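Peer 1: This is final_7.cif (mmCIF, C-alpha atoms).
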data_start
loop_
_atom_site.group_PDB
_atom_site.id
_atom_site.type_symbol
_atom_site.label_atom_id
_atom_site.label_comp_id
_atom_site.auth_asym_id
_atom_site.auth_seq_id
_atom_site.Cartn_x
_atom_site.Cartn_y
_atom_site.Cartn_z
ATOM 1 C CA MET A 1 4.208 6.103 11.774
ATOM 2 C CA ARG A 2 4.386 9.577 10.343
ATOM 3 C CA GLU A 3 1.027 9.500 8.581
ATOM 4 C CA LEU A 4 -2.368 7.938 9.224
ATOM 5 C CA SER A 5 -2.305 6.688 5.641
ATOM 6 C CA LEU A 6 0.698 4.516 6.534
ATOM 7 C CA HIS A 7 -1.326 2.885 9.316
ATOM 8 C CA ILE A 8 -4.041 2.201 6.764
ATOM 9 C CA LEU A 9 -1.544 0.557 4.428
ATOM 10 C CA ASP A 10 -0.274 -1.579 7.287
ATOM 11 C CA LEU A 11 -3.749 -2.672 8.420
ATOM 12 C CA ALA A 12 -4.783 -3.511 4.863
ATOM 13 C CA GLU A 13 -1.638 -5.589 4.537
ATOM 14 C CA ASN A 14 -2.603 -7.434 7.764
ATOM 15 C CA GLY A 15 -5.949 -8.303 6.202
ATOM 16 C CA ILE A 16 -4.340 -9.594 3.036
ATOM 17 C CA THR A 17 -1.946 -11.727 5.093
ATOM 18 C CA ALA A 18 -5.045 -13.164 6.802
ATOM 19 C CA GLY A 19 -6.244 -14.407 3.421
ATOM 20 C CA ALA A 20 -8.692 -11.620 2.524
ATOM 21 C CA ASP A 21 -9.505 -10.952 -1.118
ATOM 22 C CA ARG A 22 -11.463 -7.805 -0.358
ATOM 23 C CA ILE A 23 -10.424 -4.822 1.759
ATOM 24 C CA THR A 24 -12.681 -1.891 2.576
ATOM 25 C CA ILE A 25 -11.106 1.342 3.748
ATOM 26 C CA GLN A 26 -13.158 4.231 5.025
ATOM 27 C CA VAL A 27 -11.792 7.604 6.108
ATOM 28 C CA ASP A 28 -14.422 9.923 7.542
ATOM 29 C CA GLU A 29 -13.062 13.369 8.361
ATOM 30 C CA THR A 30 -16.482 14.608 9.482
ATOM 31 C CA PHE A 31 -17.021 12.123 12.316
ATOM 32 C CA LEU A 32 -18.807 13.921 15.216
ATOM 33 C CA ASP A 33 -17.626 17.112 13.457
ATOM 34 C CA THR A 34 -14.456 16.951 15.529
ATOM 35 C CA HIS A 35 -12.810 13.627 14.740
ATOM 36 C CA ILE A 36 -11.390 11.593 11.917
ATOM 37 C CA LYS A 37 -12.618 8.026 11.869
ATOM 38 C CA ILE A 38 -10.675 5.369 10.038
ATOM 39 C CA THR A 39 -12.233 1.960 9.434
ATOM 40 C CA VAL A 40 -10.499 -0.970 7.774
ATOM 41 C CA THR A 41 -12.502 -4.122 7.063
ATOM 42 C CA ASP A 42 -11.303 -7.361 5.561
ATOM 43 C CA ASN A 43 -12.912 -10.682 4.718
ATOM 44 C CA GLY A 44 -9.913 -12.733 5.803
ATOM 45 C CA SER A 45 -9.714 -15.610 8.247
ATOM 46 C CA GLY A 46 -10.699 -13.574 11.319
ATOM 47 C CA MET A 47 -9.453 -14.253 14.820
ATOM 48 C CA ALA A 48 -10.536 -16.270 17.836
ATOM 49 C CA PRO A 49 -12.034 -14.199 20.714
ATOM 50 C CA ASP A 50 -8.974 -14.533 22.967
ATOM 51 C CA MET A 51 -6.739 -13.302 20.163
ATOM 52 C CA VAL A 52 -9.021 -10.312 19.557
ATOM 53 C CA ALA A 53 -8.739 -9.378 23.226
ATOM 54 C CA ALA A 54 -4.971 -9.678 23.204
ATOM 55 C CA VAL A 55 -4.092 -8.331 19.795
ATOM 56 C CA SER A 56 -3.415 -4.733 20.730
ATOM 57 C CA ASP A 57 -0.713 -5.931 23.090
ATOM 58 C CA PRO A 58 2.592 -5.518 21.226
ATOM 59 C CA PHE A 59 3.881 -8.798 22.598
ATOM 60 C CA VAL A 60 1.160 -10.752 20.847
ATOM 61 C CA THR A 61 1.699 -11.682 17.223
ATOM 62 C CA THR A 62 1.094 -14.535 14.797
ATOM 63 C CA ARG A 63 4.219 -13.757 12.910
ATOM 64 C CA THR A 64 7.194 -16.075 13.000
ATOM 65 C CA THR A 65 9.927 -13.696 11.857
ATOM 66 C CA ARG A 66 10.042 -11.792 15.122
ATOM 67 C CA ARG A 67 8.320 -11.896 18.481
ATOM 68 C CA VAL A 68 6.839 -8.420 18.575
ATOM 69 C CA GLY A 69 3.672 -7.427 16.709
ATOM 70 C CA MET A 70 3.479 -3.715 16.191
ATOM 71 C CA GLY A 71 0.898 -2.825 13.576
ATOM 72 C CA ILE A 72 -2.317 -2.825 15.605
ATOM 73 C CA SER A 73 -0.700 -1.621 18.822
ATOM 74 C CA LEU A 74 0.820 1.371 17.013
ATOM 75 C CA PHE A 75 -2.541 2.225 15.442
ATOM 76 C CA LYS A 76 -4.245 2.061 18.829
ATOM 77 C CA ALA A 77 -1.526 4.173 20.451
ATOM 78 C CA ALA A 78 -1.796 6.770 17.660
ATOM 79 C CA ALA A 79 -5.541 7.101 18.314
ATOM 80 C CA GLU A 80 -5.295 7.228 22.107
ATOM 81 C CA ARG A 81 -2.526 9.824 21.940
ATOM 82 C CA CYS A 82 -4.991 12.298 20.428
ATOM 83 C CA ASN A 83 -8.161 11.717 22.450
ATOM 84 C CA GLY A 84 -9.425 8.986 20.192
ATOM 85 C CA ASN A 85 -10.743 5.487 20.584
ATOM 86 C CA PHE A 86 -9.927 2.161 19.077
ATOM 87 C CA GLU A 87 -12.034 -0.924 18.558
ATOM 88 C CA ILE A 88 -11.605 -4.248 16.871
ATOM 89 C CA LYS A 89 -14.216 -6.832 15.963
ATOM 90 C CA SER A 90 -13.408 -10.147 14.444
ATOM 91 C CA LYS A 91 -15.150 -13.387 13.684
ATOM 92 C CA ARG A 92 -13.526 -16.635 12.704
ATOM 93 C CA SER A 93 -13.755 -17.225 8.927
ATOM 94 C CA LYS A 94 -15.801 -14.004 8.509
ATOM 95 C CA GLY A 95 -13.133 -11.355 8.753
ATOM 96 C CA THR A 96 -12.025 -8.441 10.864
ATOM 97 C CA THR A 97 -13.110 -4.821 11.248
ATOM 98 C CA LEU A 98 -10.926 -2.270 12.969
ATOM 99 C CA TRP A 99 -11.719 1.337 13.568
ATOM 100 C CA ALA A 100 -10.088 4.197 15.375
ATOM 101 C CA THR A 101 -10.950 7.834 15.884
ATOM 102 C CA PHE A 102 -8.540 10.754 16.069
ATOM 103 C CA GLU A 103 -9.373 14.223 17.349
ATOM 104 C CA THR A 104 -8.855 16.394 14.288
ATOM 105 C CA ASP A 105 -7.428 19.440 16.064
ATOM 106 C CA HIS A 106 -5.266 17.582 18.550
ATOM 107 C CA LEU A 107 -1.587 18.572 18.426
ATOM 108 C CA ASP A 108 -0.412 14.973 18.421
ATOM 109 C CA ARG A 109 -2.595 13.846 15.559
ATOM 110 C CA ALA A 110 -0.527 12.661 12.614
ATOM 111 C CA PRO A 111 -1.608 14.051 9.243
ATOM 112 C CA VAL A 112 -3.743 11.832 7.017
ATOM 113 C CA GLY A 113 -0.902 11.984 4.535
ATOM 114 C CA ASN A 114 -0.532 10.624 1.073
ATOM 115 C CA MET A 115 -3.608 8.415 0.631
ATOM 116 C CA GLY A 116 -2.969 8.329 -3.117
ATOM 117 C CA GLU A 117 0.294 6.475 -2.580
ATOM 118 C CA THR A 118 -1.286 4.127 -0.060
ATOM 119 C CA ILE A 119 -4.021 3.122 -2.495
ATOM 120 C CA THR A 120 -1.734 2.759 -5.515
ATOM 121 C CA THR A 121 0.716 0.757 -3.429
ATOM 122 C CA LEU A 122 -2.075 -1.636 -2.489
ATOM 123 C CA ILE A 123 -3.330 -1.933 -6.077
ATOM 124 C CA ALA A 124 0.145 -2.450 -7.530
ATOM 125 C CA GLY A 125 1.464 -4.651 -4.755
ATOM 126 C CA PHE A 126 -1.577 -6.902 -4.474
ATOM 127 C CA PRO A 127 -3.227 -6.911 -7.903
ATOM 128 C CA ASP A 128 -5.617 -9.761 -7.055
ATOM 129 C CA ILE A 129 -7.168 -8.059 -4.019
ATOM 130 C CA GLY A 130 -10.353 -6.029 -4.376
ATOM 131 C CA ILE A 131 -10.066 -2.627 -2.727
ATOM 132 C CA LYS A 132 -12.896 -0.320 -1.837
ATOM 133 C CA TYR A 133 -11.948 3.116 -0.592
ATOM 134 C CA ASP A 134 -14.295 5.826 0.664
ATOM 135 C CA HIS A 135 -13.121 9.191 1.878
ATOM 136 C CA ILE A 136 -15.517 11.741 3.347
ATOM 137 C CA LEU A 137 -14.622 15.404 3.746
ATOM 138 C CA PHE A 138 -16.989 18.168 4.799
ATOM 139 C CA ARG A 139 -17.425 19.497 1.281
ATOM 140 C CA ASP A 140 -17.383 16.288 -0.707
ATOM 141 C CA SER A 141 -16.725 12.593 -0.743
ATOM 142 C CA PHE A 142 -14.661 10.287 -2.856
ATOM 143 C CA ASN A 143 -14.992 6.627 -3.559
ATOM 144 C CA LEU A 144 -13.140 4.088 -5.522
ATOM 145 C CA ASP A 145 -13.830 0.405 -6.020
ATOM 146 C CA THR A 146 -11.290 -1.630 -7.934
ATOM 147 C CA ALA A 147 -13.994 -4.100 -9.000
ATOM 148 C CA GLU A 148 -15.918 -1.304 -10.764
ATOM 149 C CA LEU A 149 -12.737 0.225 -12.058
ATOM 150 C CA LYS A 150 -11.716 -3.048 -13.701
ATOM 151 C CA GLN A 151 -14.944 -3.023 -15.722
ATOM 152 C CA ASP A 152 -14.410 0.558 -16.848
ATOM 153 C CA LEU A 153 -10.869 -0.208 -17.874
ATOM 154 C CA ASP A 154 -11.792 -3.018 -20.293
ATOM 155 C CA ASP A 155 -8.540 -4.434 -21.585
ATOM 156 C CA LEU A 156 -6.291 -2.017 -19.712
ATOM 157 C CA ALA A 157 -4.599 -3.584 -16.702
ATOM 158 C CA LEU A 158 -5.409 -1.981 -13.372
ATOM 159 C CA ASP A 159 -1.741 -1.994 -12.448
ATOM 160 C CA ASN A 160 -0.760 -0.254 -15.665
ATOM 161 C CA PRO A 161 1.626 2.446 -14.407
ATOM 162 C CA LEU A 162 -0.230 5.204 -16.238
ATOM 163 C CA VAL A 163 -3.533 4.193 -14.635
ATOM 164 C CA LEU A 164 -1.909 4.116 -11.199
ATOM 165 C CA THR A 165 -0.332 7.525 -11.658
ATOM 166 C CA ARG A 166 -3.704 8.982 -12.635
ATOM 167 C CA ILE A 167 -5.466 7.346 -9.655
ATOM 168 C CA LYS A 168 -2.836 8.762 -7.317
ATOM 169 C CA GLU A 169 -3.279 12.251 -8.787
ATOM 170 C CA ILE A 170 -7.062 12.098 -8.511
ATOM 171 C CA ILE A 171 -7.008 11.003 -4.859
ATOM 172 C CA ASN A 172 -4.431 13.553 -3.753
ATOM 173 C CA ASP A 173 -6.089 16.379 -5.697
ATOM 174 C CA PHE A 174 -9.359 15.475 -3.994
ATOM 175 C CA ILE A 175 -7.840 15.498 -0.505
ATOM 176 C CA GLN A 176 -6.065 18.785 -1.139
ATOM 177 C CA GLY A 177 -9.226 20.286 -2.641
ATOM 178 C CA LYS A 178 -7.741 20.845 -6.078
ATOM 179 C CA GLU A 179 -10.433 19.216 -8.179
ATOM 180 C CA MET B 1 -16.924 13.680 -6.798
ATOM 181 C CA ALA B 2 -13.554 12.980 -8.359
ATOM 182 C CA LYS B 3 -13.346 9.975 -10.620
ATOM 183 C CA LEU B 4 -11.298 8.367 -13.298
ATOM 184 C CA THR B 5 -13.112 9.801 -16.315
ATOM 185 C CA VAL B 6 -13.653 8.396 -19.787
ATOM 186 C CA GLU B 7 -11.379 11.173 -21.010
ATOM 187 C CA ASP B 8 -8.559 9.938 -18.766
ATOM 188 C CA LEU B 9 -9.042 6.392 -19.956
ATOM 189 C CA LYS B 10 -8.906 7.434 -23.605
ATOM 190 C CA GLN B 11 -5.624 9.210 -23.046
ATOM 191 C CA ILE B 12 -4.120 6.280 -21.196
ATOM 192 C CA LYS B 13 -5.304 3.834 -23.838
ATOM 193 C CA GLU B 14 -3.793 5.919 -26.593
ATOM 194 C CA LYS B 15 -0.476 6.101 -24.795
ATOM 195 C CA THR B 16 -0.521 2.372 -24.086
ATOM 196 C CA SER B 17 -1.227 1.455 -27.694
ATOM 197 C CA GLN B 18 1.680 3.612 -28.797
ATOM 198 C CA ASP B 19 4.045 1.804 -26.491
ATOM 199 C CA ALA B 20 3.622 -1.862 -27.198
ATOM 200 C CA ALA B 21 6.147 -2.631 -24.461
ATOM 201 C CA LEU B 22 3.947 -1.146 -21.746
ATOM 202 C CA ARG B 23 1.299 -3.761 -22.370
ATOM 203 C CA GLY B 24 3.442 -6.446 -20.860
ATOM 204 C CA GLY B 25 4.676 -9.771 -22.045
ATOM 205 C CA GLU B 26 6.465 -12.468 -20.192
ATOM 206 C CA THR B 27 7.861 -11.355 -16.838
ATOM 207 C CA ILE B 28 11.646 -11.295 -16.821
ATOM 208 C CA ALA B 29 12.185 -9.480 -13.540
ATOM 209 C CA LYS B 30 10.276 -9.481 -10.296
ATOM 210 C CA LEU B 31 10.824 -6.791 -7.692
ATOM 211 C CA THR B 32 9.439 -7.437 -4.225
ATOM 212 C CA VAL B 33 8.994 -4.593 -1.760
ATOM 213 C CA HIS B 34 8.785 -5.929 1.779
ATOM 214 C CA MET B 35 5.889 -4.280 3.557
ATOM 215 C CA GLY B 36 5.507 -5.404 7.113
ATOM 216 C CA THR B 37 4.828 -2.778 9.756
ATOM 217 C CA CYS B 38 8.585 -2.288 9.990
ATOM 218 C CA GLY B 39 8.992 -1.757 6.253
ATOM 219 C CA ILE B 40 6.059 0.642 6.023
ATOM 220 C CA ALA B 41 7.298 2.713 8.966
ATOM 221 C CA ALA B 42 10.757 2.876 7.395
ATOM 222 C CA GLY B 43 9.511 4.098 4.024
ATOM 223 C CA ALA B 44 8.592 1.081 1.883
ATOM 224 C CA ARG B 45 5.651 2.957 0.377
ATOM 225 C CA GLN B 46 7.985 5.497 -1.151
ATOM 226 C CA VAL B 47 10.187 2.706 -2.504
ATOM 227 C CA MET B 48 7.127 1.103 -4.111
ATOM 228 C CA ASN B 49 5.970 4.354 -5.687
ATOM 229 C CA THR B 50 9.455 5.188 -6.935
ATOM 230 C CA LEU B 51 9.581 1.767 -8.604
ATOM 231 C CA LEU B 52 6.215 2.382 -10.240
ATOM 232 C CA GLU B 53 7.438 5.728 -11.567
ATOM 233 C CA GLU B 54 10.617 4.173 -12.883
ATOM 234 C CA LYS B 55 8.668 1.359 -14.501
ATOM 235 C CA ALA B 56 6.372 3.847 -16.222
ATOM 236 C CA GLU B 57 9.372 5.808 -17.410
ATOM 237 C CA SER B 58 11.250 2.768 -18.692
ATOM 238 C CA LYS B 59 8.106 1.519 -20.485
ATOM 239 C CA ARG B 60 8.918 -2.026 -19.517
ATOM 240 C CA GLY B 61 5.808 -4.152 -19.138
ATOM 241 C CA ASP B 62 7.884 -7.256 -18.480
ATOM 242 C CA ILE B 63 8.971 -6.066 -15.034
ATOM 243 C CA LYS B 64 6.674 -7.092 -12.242
ATOM 244 C CA ILE B 65 6.476 -5.159 -8.966
ATOM 245 C CA VAL B 66 4.808 -6.791 -5.978
ATOM 246 C CA ALA B 67 4.475 -6.296 -2.245
ATOM 247 C CA ALA B 68 5.133 -8.924 0.377
ATOM 248 C CA GLY B 69 5.339 -9.221 4.138
ATOM 249 C CA CYS B 70 8.238 -8.734 6.502
ATOM 250 C CA LEU B 71 11.472 -10.455 5.652
ATOM 251 C CA GLY B 72 12.584 -10.681 9.279
ATOM 252 C CA MET B 73 15.371 -8.142 8.808
ATOM 253 C CA CYS B 74 13.485 -5.285 10.368
ATOM 254 C CA SER B 75 16.552 -3.205 11.206
ATOM 255 C CA SER B 76 17.597 -2.992 7.574
ATOM 256 C CA GLU B 77 14.175 -2.015 6.204
ATOM 257 C CA PRO B 78 13.048 -0.894 3.681
ATOM 258 C CA ASN B 79 14.195 -4.034 1.903
ATOM 259 C CA LEU B 80 13.812 -4.722 -1.784
ATOM 260 C CA THR B 81 14.346 -8.104 -3.432
ATOM 261 C CA VAL B 82 15.308 -8.143 -7.092
ATOM 262 C CA GLU B 83 14.810 -11.414 -8.929
ATOM 263 C CA ILE B 84 15.878 -11.565 -12.525
ATOM 264 C CA ILE B 85 15.161 -14.781 -14.386
ATOM 265 C CA GLY B 86 18.198 -17.039 -14.460
ATOM 266 C CA GLU B 87 20.029 -15.090 -11.757
ATOM 267 C CA GLU B 88 20.241 -15.362 -7.995
ATOM 268 C CA PRO B 89 17.833 -13.055 -6.144
ATOM 269 C CA ILE B 90 19.486 -10.088 -4.445
ATOM 270 C CA VAL B 91 18.101 -8.451 -1.312
ATOM 271 C CA TYR B 92 18.813 -4.756 -0.977
ATOM 272 C CA LYS B 93 18.715 -2.965 2.353
ATOM 273 C CA GLU B 94 17.896 0.517 3.651
ATOM 274 C CA MET B 95 16.373 1.681 0.406
ATOM 275 C CA ASP B 96 15.410 5.278 -0.182
ATOM 276 C CA GLN B 97 14.298 7.082 -3.301
ATOM 277 C CA ASN B 98 17.765 7.566 -4.760
ATOM 278 C CA ARG B 99 18.960 4.056 -3.990
ATOM 279 C CA THR B 100 15.785 2.646 -5.495
ATOM 280 C CA ARG B 101 16.292 4.609 -8.701
ATOM 281 C CA GLN B 102 19.907 3.491 -8.886
ATOM 282 C CA VAL B 103 19.028 -0.183 -8.355
ATOM 283 C CA PHE B 104 16.260 -0.001 -10.940
ATOM 284 C CA ARG B 105 18.370 1.700 -13.601
ATOM 285 C CA ARG B 106 21.602 -0.193 -13.020
ATOM 286 C CA HIS B 107 20.579 -3.635 -11.785
ATOM 287 C CA VAL B 108 17.149 -4.215 -13.260
ATOM 288 C CA LEU B 109 17.716 -2.520 -16.597
ATOM 289 C CA LYS B 110 21.437 -3.142 -17.096
ATOM 290 C CA GLY B 111 22.185 -6.173 -14.956
ATOM 291 C CA GLU B 112 24.840 -4.582 -12.724
ATOM 292 C CA VAL B 113 24.312 -5.750 -9.133
ATOM 293 C CA GLN B 114 24.688 -2.788 -6.761
ATOM 294 C CA THR B 115 26.824 -4.472 -4.121
ATOM 295 C CA ASP B 116 27.031 -1.332 -1.960
ATOM 296 C CA PHE B 117 23.392 -1.687 -0.900
ATOM 297 C CA ALA B 118 23.084 -5.445 -1.088
ATOM 298 C CA LEU B 119 22.248 -7.286 2.104
ATOM 299 C CA GLY B 120 23.001 -10.621 0.530
ATOM 300 C CA LYS B 121 21.826 -13.209 -1.898
ATOM 301 C CA GLY B 122 18.270 -14.208 -1.049
#
Turn this file's structure into C-alpha cells for me.
Peer 2:
Amino acid sequence: MRELSLHILDLAENGITAGADRITIQVDETFLDTHIKITVTDNGSGMAPDMVAAVSDPFVTTRTTRRVGMGISLFKAAAERCNGNFEIKSKRSKGTTLWATFETDHLDRAPVGNMGETITTLIAGFPDIGIKYDHILFRDSFNLDTAELKQDLDDLALDNPLVLTRIKEIINDFIQGKE
Amino acid sequence: MAKLTVEDLKQIKEKTSQDAALRGGETIAKLTVHMGTCGIAAGARQVMNTLLEEKAESKRGDIKIVAAGCLGMCSSEPNLTVEIIGEEPIVYKEMDQNRTRQVFRRHVLKGEVQTDFALGKG
C-alpha cells in the first residue's frame, strides 16, 4: 500500500465485514515523540484465540474468494519495515483492536496520505456504520464522530456529496496545517 | 480544532434546497466499488471519490454509491459494478479516474454500456 491511510481503510473494511456497526480510528503522530501510532477498533464478531495468533500469516484468511489474506499481514509488514510494532487483540463477540507503530523519520515509512478520502469513502460506502476518527498532531488534534455529526446535520443526509466534500477538505486542511 | 461549522452547514443546506434533485428520491442506479485489500491497493478509493465528485456534479440524488468486499477478481481490480434498474448489472475492470468518469457520464447518465472496460455481466 502506498499510504498508511489505505491500510486504515482496509482495516476498517475488515471490521465492517466482521459485522461491526462502529469503527474507531485513531492516528497519533506524537507517539513517543518519534512514532506514528495507528489504532483501529471495531465492535464486530471478534476472533477465536487461535485465529488471533495466526491472522498475521498471509496464508490464513476467512475469505472464500481466494486463499490468501493480505490486509493484516501487509499492515504488520509496513510497521516492521520501519522499526515499528504491531499488535492485535480480539475477543469473541466483543470486537477487535489492532494497532501498529511506525517510526516517523524512517526512510521506508509510507506517508499518512489522504485521510480525508479514507474517511469520506467509509462514510459514503457504508452509510449505516458509525465512525469515530481522532487524529493527533503535535500542534493540534482533530476529531470527528459520525453519530454527533448526524445530529448537527438535522435533515441533511451524511452522505450528501456536498457534506462529504466539505468533510474531506476539513480533514486534509487540518493534516496539511492549512486551517 | 477543525470542525464542520454551522456556517458550512448553512451553505450546504442552501445549496441542497436549491437543487431538489440532490435530496434524493427513489434509487434508480446503484454503483458498487469493490474494496477488498486488493481493490484498495489498486486504487478503489480514488474510484469511489471520483464517483462522489461526479455525483455531486450531476446533482443526481437517485444514484446510490456503495462499497463492498472483494469480488474474487483481484487481478482486474479496481472493479466497479453498475446496476441500473431493469438492466443487467455490468462489472467494469481496471478502473482509474478517467475510466470512472467515462462510465459515470456515458453508462450511468446516458445508458451506453462501455464495453471496452467491461469484465462481463455480473
Peer 1: Using CA of Glu117 (chain A) and CA of Glu148 (chain A) as the two end points, give the distance in Å to one decimal.
Peer 2: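 Between CA of Glu117 (chain A) and CA of Glu148 (chain A) the gap is 19.8 Å.
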Peer 1: Can you work out the spacing between CA of Asp105 (chain A) and CA of Gly177 (chain A) in Å, to one decimal?
Peer 2: 18.8 Å
Peer 1: With all atoms listed in the file considered, list every residue of chain A at most 9 Å from chain B, as a CSV table (one decimal) with C-alpha atoms, in the coordinates of the input.
Peer 2:
chain,number,residue,atom,x,y,z
A,1,MET,CA,4.2,6.1,11.8
A,2,ARG,CA,4.4,9.6,10.3
A,6,LEU,CA,0.7,4.5,6.5
A,7,HIS,CA,-1.3,2.9,9.3
A,9,LEU,CA,-1.5,0.6,4.4
A,10,ASP,CA,-0.3,-1.6,7.3
A,11,LEU,CA,-3.7,-2.7,8.4
A,13,GLU,CA,-1.6,-5.6,4.5
A,14,ASN,CA,-2.6,-7.4,7.8
A,17,THR,CA,-1.9,-11.7,5.1
A,64,THR,CA,7.2,-16.1,13.0
A,65,THR,CA,9.9,-13.7,11.9
A,66,ARG,CA,10.0,-11.8,15.1
A,69,GLY,CA,3.7,-7.4,16.7
A,70,MET,CA,3.5,-3.7,16.2
A,71,GLY,CA,0.9,-2.8,13.6
A,117,GLU,CA,0.3,6.5,-2.6
A,118,THR,CA,-1.3,4.1,-0.1
A,120,THR,CA,-1.7,2.8,-5.5
A,121,THR,CA,0.7,0.8,-3.4
A,122,LEU,CA,-2.1,-1.6,-2.5
A,124,ALA,CA,0.1,-2.4,-7.5
A,125,GLY,CA,1.5,-4.7,-4.8
A,126,PHE,CA,-1.6,-6.9,-4.5
A,127,PRO,CA,-3.2,-6.9,-7.9
A,140,ASP,CA,-17.4,16.3,-0.7
A,141,SER,CA,-16.7,12.6,-0.7
A,142,PHE,CA,-14.7,10.3,-2.9
A,143,ASN,CA,-15.0,6.6,-3.6
A,144,LEU,CA,-13.1,4.1,-5.5
A,149,LEU,CA,-12.7,0.2,-12.1
A,152,ASP,CA,-14.4,0.6,-16.8
A,153,LEU,CA,-10.9,-0.2,-17.9
A,156,LEU,CA,-6.3,-2.0,-19.7
A,157,ALA,CA,-4.6,-3.6,-16.7
A,160,ASN,CA,-0.8,-0.3,-15.7
A,161,PRO,CA,1.6,2.4,-14.4
A,162,LEU,CA,-0.2,5.2,-16.2
A,163,VAL,CA,-3.5,4.2,-14.6
A,164,LEU,CA,-1.9,4.1,-11.2
A,165,THR,CA,-0.3,7.5,-11.7
A,166,ARG,CA,-3.7,9.0,-12.6
A,167,ILE,CA,-5.5,7.3,-9.7
A,170,ILE,CA,-7.1,12.1,-8.5
A,171,ILE,CA,-7.0,11.0,-4.9
A,173,ASP,CA,-6.1,16.4,-5.7
A,174,PHE,CA,-9.4,15.5,-4.0
A,179,GLU,CA,-10.4,19.2,-8.2
Peer 1: Take the PyMOL selection byres ((chain A and resi 25) around 6), run it mentally on this structure, and tell me the resulting residues as a list in words.
Peer 2: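 What the PyMOL selection byres ((chain A and resi 25) around 6) grabs from the file is Thr24, Gln26, Thr39, Val40 and Tyr133 of chain A.
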Peer 1: Closest to Leu4 (chain A) among A:Ala110, A:Met47, A:Asp21, A:Thr30, using all atoms listed in the file?
Peer 2: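 Closest residue, counting all atoms listed in the file: A:Ala110.
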Peer 1: Evaluating the PyMOL selection byres ((chain A and resi 147) around 10) on the displayed file yields which residues, as a PyMOL selection string?
Peer 2: chain A and resi 22+129-132+144-146+148-152+158
Peer 1: Any chance you could work out the residue set of the PyMOL selection byres ((chain A and resi 48-52) around 10) here, as a list of chain:residue names?
Peer 2: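 After applying the PyMOL selection byres ((chain A and resi 48-52) around 10), what remains is A:Ser45, A:Gly46, A:Met47, A:Ala53, A:Ala54, A:Val55, A:Ser56, A:Asp57, A:Val60, A:Thr61, A:Thr62, A:Glu87, A:Ile88, A:Lys89, A:Ser90, A:Lys91, A:Arg92, A:Ser93, A:Thr96.
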